[in-house]
>>> print(open('protein-v4.tsv').read())   # TSV, C-alpha atoms
chain	number	residue	atom	x	y	z
J	1	PHE	CA	4.14	35.77	18.02
J	2	ARG	CA	2.62	36.23	14.58
J	3	ASP	CA	2.99	33.26	12.26
J	4	PRO	CA	1.23	33.92	8.94
J	5	GLU	CA	0.73	31.35	6.20
J	6	ARG	CA	3.03	31.89	3.22
J	7	ALA	CA	2.87	31.05	-0.48
J	8	VAL	CA	5.90	28.81	-1.07
J	9	PRO	CA	7.40	28.80	-4.61
J	10	ALA	CA	7.22	25.40	-6.27
J	11	ASP	CA	10.45	25.88	-8.27
J	12	PRO	CA	12.78	23.04	-7.16
J	13	ASP	CA	15.85	25.25	-7.75
J	14	ALA	CA	14.57	28.06	-5.52
J	15	VAL	CA	15.98	28.52	-2.02
J	16	VAL	CA	13.65	30.54	0.19
J	17	ALA	CA	14.53	32.77	3.13
J	18	ALA	CA	14.60	30.83	6.39
J	19	ALA	CA	13.36	33.92	8.26
J	20	ASP	CA	11.66	37.28	7.91
J	21	GLY	CA	13.97	40.26	8.12
J	22	THR	CA	16.63	42.27	6.36
J	23	VAL	CA	19.57	40.76	4.50
J	24	ALA	CA	22.49	41.87	6.68
J	25	ASP	CA	25.40	40.31	4.80
J	26	ILE	CA	26.34	37.96	2.00
J	27	VAL	CA	29.81	36.47	2.42
J	28	GLU	CA	31.94	33.54	1.36
J	29	ILE	CA	32.98	31.78	4.56
J	30	GLU	CA	34.13	28.44	5.96
J	31	GLU	CA	31.21	26.49	7.41
J	32	THR	CA	33.07	24.42	9.99
J	33	GLU	CA	30.35	22.74	12.03
J	34	VAL	CA	28.64	20.45	9.51
J	35	LEU	CA	30.30	20.57	6.09
J	36	ASN	CA	33.85	21.78	6.73
J	37	ALA	CA	33.73	23.59	3.41
J	38	THR	CA	33.57	27.08	1.99
J	39	ARG	CA	29.97	28.23	1.53
J	40	ARG	CA	28.11	31.40	0.65
J	41	ARG	CA	26.36	32.67	3.78
J	42	ILE	CA	23.28	34.88	3.62
J	43	GLY	CA	22.70	36.49	7.02
J	44	ILE	CA	19.21	37.78	7.82
J	45	PHE	CA	18.66	40.17	10.74
J	46	LEU	CA	15.29	39.86	12.47
J	47	SER	CA	14.05	42.87	14.40
J	48	VAL	CA	11.66	42.52	17.33
J	49	PHE	CA	8.87	43.49	14.89
J	50	ASP	CA	9.51	40.65	12.41
J	51	VAL	CA	7.85	37.22	12.39
J	52	HIS	CA	10.16	34.99	14.43
J	53	THR	CA	9.26	31.58	12.99
J	54	ASN	CA	12.02	29.92	10.96
J	55	ARG	CA	11.23	27.89	7.85
J	56	ALA	CA	13.04	25.25	5.78
J	57	PRO	CA	14.88	26.94	2.89
J	58	VAL	CA	14.68	23.78	0.73
J	59	ASP	CA	12.91	20.42	0.71
J	60	GLY	CA	14.99	18.01	2.75
J	61	ARG	CA	15.59	15.64	5.60
J	62	ILE	CA	17.09	17.10	8.74
J	63	ILE	CA	20.43	15.35	9.19
J	64	TYR	CA	21.88	17.59	11.90
J	65	ARG	CA	20.57	19.67	14.79
J	66	LYS	CA	22.74	20.98	17.60
J	67	GLY	CA	22.38	23.79	20.11
J	68	HIS	CA	25.32	25.85	21.38
J	69	GLU	CA	25.74	27.95	24.49
J	70	GLY	CA	27.11	31.44	24.07
J	71	LEU	CA	26.69	35.14	24.56
J	72	CYS	CA	23.75	37.34	23.60
J	73	LEU	CA	25.52	40.10	21.68
J	74	ASP	CA	23.47	42.39	19.45
J	75	ALA	CA	22.66	40.27	16.37
J	76	ARG	CA	24.02	43.08	14.16
J	77	HIS	CA	27.44	42.72	15.85
J	78	ARG	CA	29.99	41.18	13.47
J	79	ASP	CA	31.13	38.59	16.04
J	80	CYS	CA	27.66	37.29	16.88
J	81	SER	CA	27.94	34.33	14.45
J	82	GLU	CA	30.85	32.90	16.40
J	83	LYS	CA	30.01	34.02	19.93
J	84	ASN	CA	26.23	33.99	20.43
J	85	ARG	CA	23.97	31.20	21.63
J	86	ALA	CA	22.90	29.29	18.51
J	87	MET	CA	21.26	26.25	17.00
J	88	THR	CA	22.59	24.74	13.77
J	89	TRP	CA	20.49	22.67	11.36
J	90	ALA	CA	21.36	20.80	8.16
J	91	PHE	CA	18.81	19.94	5.46
J	92	GLU	CA	19.82	17.23	2.97
J	93	ASN	CA	18.24	16.37	-0.36
J	94	PRO	CA	19.56	14.92	-3.65
J	95	ARG	CA	20.90	18.40	-4.57
J	96	GLY	CA	23.15	18.58	-1.49
J	97	VAL	CA	23.12	20.01	2.03
J	98	VAL	CA	21.94	23.46	3.11
J	99	VAL	CA	22.92	24.58	6.62
J	100	VAL	CA	20.85	27.03	8.67
J	101	ARG	CA	22.05	28.66	11.89
J	102	GLN	CA	19.69	30.42	14.31
J	103	LEU	CA	21.40	32.99	16.56
J	104	THR	CA	20.15	34.80	19.61
J	105	GLY	CA	20.59	38.53	20.11
J	106	MET	CA	20.49	41.07	22.93
J	107	ILE	CA	16.73	40.79	23.31
J	108	ALA	CA	16.17	37.36	21.76
J	109	ARG	CA	17.64	34.84	24.12
J	110	ARG	CA	15.63	31.70	23.45
J	111	ILE	CA	15.73	29.37	20.44
J	112	VAL	CA	12.94	26.83	20.12
J	113	GLY	CA	13.34	23.87	17.76
J	114	TRP	CA	10.23	21.95	16.76
J	115	ALA	CA	11.70	19.59	14.16
J	116	LYS	CA	14.02	16.68	14.90
J	117	VAL	CA	16.84	14.87	13.12
J	118	GLY	CA	15.25	12.51	10.60
J	119	ASP	CA	12.20	14.70	9.92
J	120	GLU	CA	11.41	15.34	6.24
J	121	LEU	CA	10.40	18.95	5.67
J	122	LYS	CA	9.04	20.64	2.59
J	123	LYS	CA	10.43	24.02	1.58
J	124	GLY	CA	8.72	26.70	3.69
J	125	GLU	CA	7.69	24.36	6.53
J	126	ARG	CA	8.29	25.61	10.06
J	127	PHE	CA	11.17	24.04	11.99
J	128	GLY	CA	11.70	26.44	14.88
J	129	MET	CA	11.63	29.95	16.26
J	130	ILE	CA	13.92	32.52	17.81
J	131	ARG	CA	11.92	34.33	20.46
J	132	PHE	CA	11.86	38.10	19.73
J	133	GLY	CA	14.12	38.24	16.69
J	134	SER	CA	17.88	38.17	16.15
J	135	ARG	CA	19.66	36.50	13.20
J	136	THR	CA	19.24	33.51	10.89
J	137	GLU	CA	21.98	32.43	8.48
J	138	VAL	CA	21.65	30.22	5.40
J	139	TYR	CA	24.82	28.51	4.09
J	140	LEU	CA	24.64	27.66	0.38
J	141	PRO	CA	26.93	25.91	-2.11
J	142	LEU	CA	29.26	28.31	-3.91
J	143	ASP	CA	27.61	27.56	-7.26
J	144	ALA	CA	24.19	28.75	-6.02
J	145	VAL	CA	23.10	32.02	-7.63
J	146	VAL	CA	22.26	34.60	-4.96
J	147	LEU	CA	19.22	36.71	-5.88
J	148	VAL	CA	19.14	39.16	-2.95
J	149	ARG	CA	21.35	42.04	-1.90
J	150	VAL	CA	22.31	43.48	1.47
J	151	GLY	CA	19.44	45.65	2.67
J	152	ASP	CA	16.68	43.65	0.95
J	153	ARG	CA	13.62	42.71	3.03
J	154	VAL	CA	12.70	39.03	2.86
J	155	SER	CA	9.82	36.88	4.09
J	156	GLY	CA	10.53	33.43	5.49
J	157	GLY	CA	9.23	30.60	3.35
J	158	SER	CA	8.26	32.76	0.38
J	159	SER	CA	11.07	35.13	-0.67
J	160	VAL	CA	13.48	33.41	-3.07
J	161	ILE	CA	17.00	34.30	-1.94
J	162	ALA	CA	18.97	32.02	-4.29
J	163	ARG	CA	18.77	29.37	-6.98
J	164	LEU	CA	20.64	26.08	-6.74
J	165	ALA	CA	22.77	25.12	-9.72
J	166	ARG	CA	21.53	22.20	-11.82
J	167	LYS	CA	23.64	19.10	-11.36
>>> encode(input="protein-v4.tsv", output="structure tokens")
Amino acid sequence: FRDPERAVPADPDAVVAAADGTVADIVEIEETEVLNATRRRIGIFLSVFDVHTNRAPVDGRIIYRKGHEGLCLDARHRDCSEKNRAMTWAFENPRGVVVVRQLTGMIARRIVGWAKVGDELKKGERFGMIRFGSRTEVYLPLDAVVLVRVGDRVSGGSSVIARLARK
């Protein structure tokens, strides 16, 4: 379980990848667990060879953490977001709320959460891990500017995947 240190961008508008891997999809979708609102989801597929530690995409206080039972479909399967075992997190700061969902896969069957509700994390800080890869999703406001494309490789805590709109 490699867990290298990462250079975290200081830009307050930057949203960093919550995981290492390949951008699998970028879609507009209803986030129904925490916000009950339409969000832009960036899905990152983690192979068994990627670093499996998950990192906070923004500075914020954890206001939500909940695990869910489910299947262990291949994390590239289009139904895995709704059917697989998962843990959902919400990070709140004055700019809003960013939701992160960790999903198991066929090989990855264990999600470990180190942070707790109420913890204040800095962008890039570790909050959990999915043992042996799978999928991590970041749900952003619709006015965030996405800076990655499907197929891009990203590094958790250091690759900027989006920029939040100025309020």
>>> residues_around(input="protein-v4.tsv", residues="Gly118 of chain J", least_positions_apart="3", cutoff="8 Å", atoms="only C-alpha atoms", output="PyMOL selection string")
chain J and resi 61-63
>>> closest_residue(input="protein-v4.tsv", among="J:Ile161, J:Ile42, J:Ala10, J:Ala37", to="Ala24 of chain J", atoms="all atoms listed in the file")
J:Ile42
>>> closest_residue(input="protein-v4.tsv", among="J:Ser81, J:Thr32, J:Thr136, J:Thr22", to="Asn54 of chain J", atoms="only C-alpha atoms")
J:Thr136
>>> closest_residue(input="protein-v4.tsv", among="J:Arg135, J:Arg126, J:Lys167, J:Lys116", to="Leu103 of chain J", atoms="only C-alpha atoms")
J:Arg135
>>> closest_residue(input="protein-v4.tsv", among="J:Ile130, J:Ala19, J:Val98, J:Leu142", to="Arg85 of chain J", atoms="only C-alpha atoms")
J:Ile130
>>> atom_distance(input="protein-v4.tsv", atom1="atom CA of Val138 of chain J", atom2="atom CA of Gly43 of chain J")
6.6 Å
>>> atom_distance(input="protein-v4.tsv", atom1="atom CA of Asp13 of chain J", atom2="atom CA of Asp59 of chain J")
10.2 Å
>>> closest_atom_pairs(input="protein-v4.tsv", of="segment 91-152 of chain J", to="segment 28-31 of chain J", cutoff="12 Å", atoms="all atoms listed in the file", output="CSV")
residue,atom,partner,partner_atom,distance
J:Val97,CA,J:Glu31,CA,11.7
J:Val98,CA,J:Glu31,CA,10.7
J:Val99,CA,J:Glu31,CA,8.5
J:Val100,CA,J:Glu31,CA,10.5
J:Arg101,CA,J:Glu31,CA,10.4
J:Glu137,CA,J:Glu31,CA,11.0
J:Val138,CA,J:Glu31,CA,10.5
J:Tyr139,CA,J:Glu31,CA,7.5
J:Leu140,CA,J:Glu28,CA,9.4
J:Pro141,CA,J:Glu28,CA,9.8
J:Leu142,CA,J:Glu28,CA,7.9
J:Asp143,CA,J:Glu28,CA,11.3
J:Ala144,CA,J:Glu28,CA,11.7
J:Val146,CA,J:Glu28,CA,11.6
>>> atom_distance(input="protein-v4.tsv", atom1="atom CA of Ala56 of chain J", atom2="atom CA of Arg163 of chain J")
14.6 Å
>>> closest_residue(input="protein-v4.tsv", among="J:Met106, J:Ala75, J:Val58, J:Val27", to="Lys123 of chain J", atoms="all atoms listed in the file")
J:Val58
>>> residues_around(input="protein-v4.tsv", residues="Gly21 of chain J", least_positions_apart="6", cutoff="6 Å", atoms="only C-alpha atoms", output="CSV table (one decimal) with C-alpha atoms, in the frame of the given file")
chain,number,residue,atom,x,y,z
J,44,ILE,CA,19.2,37.8,7.8
J,45,PHE,CA,18.7,40.2,10.7
J,46,LEU,CA,15.3,39.9,12.5
J,153,ARG,CA,13.6,42.7,3.0
J,154,VAL,CA,12.7,39.0,2.9
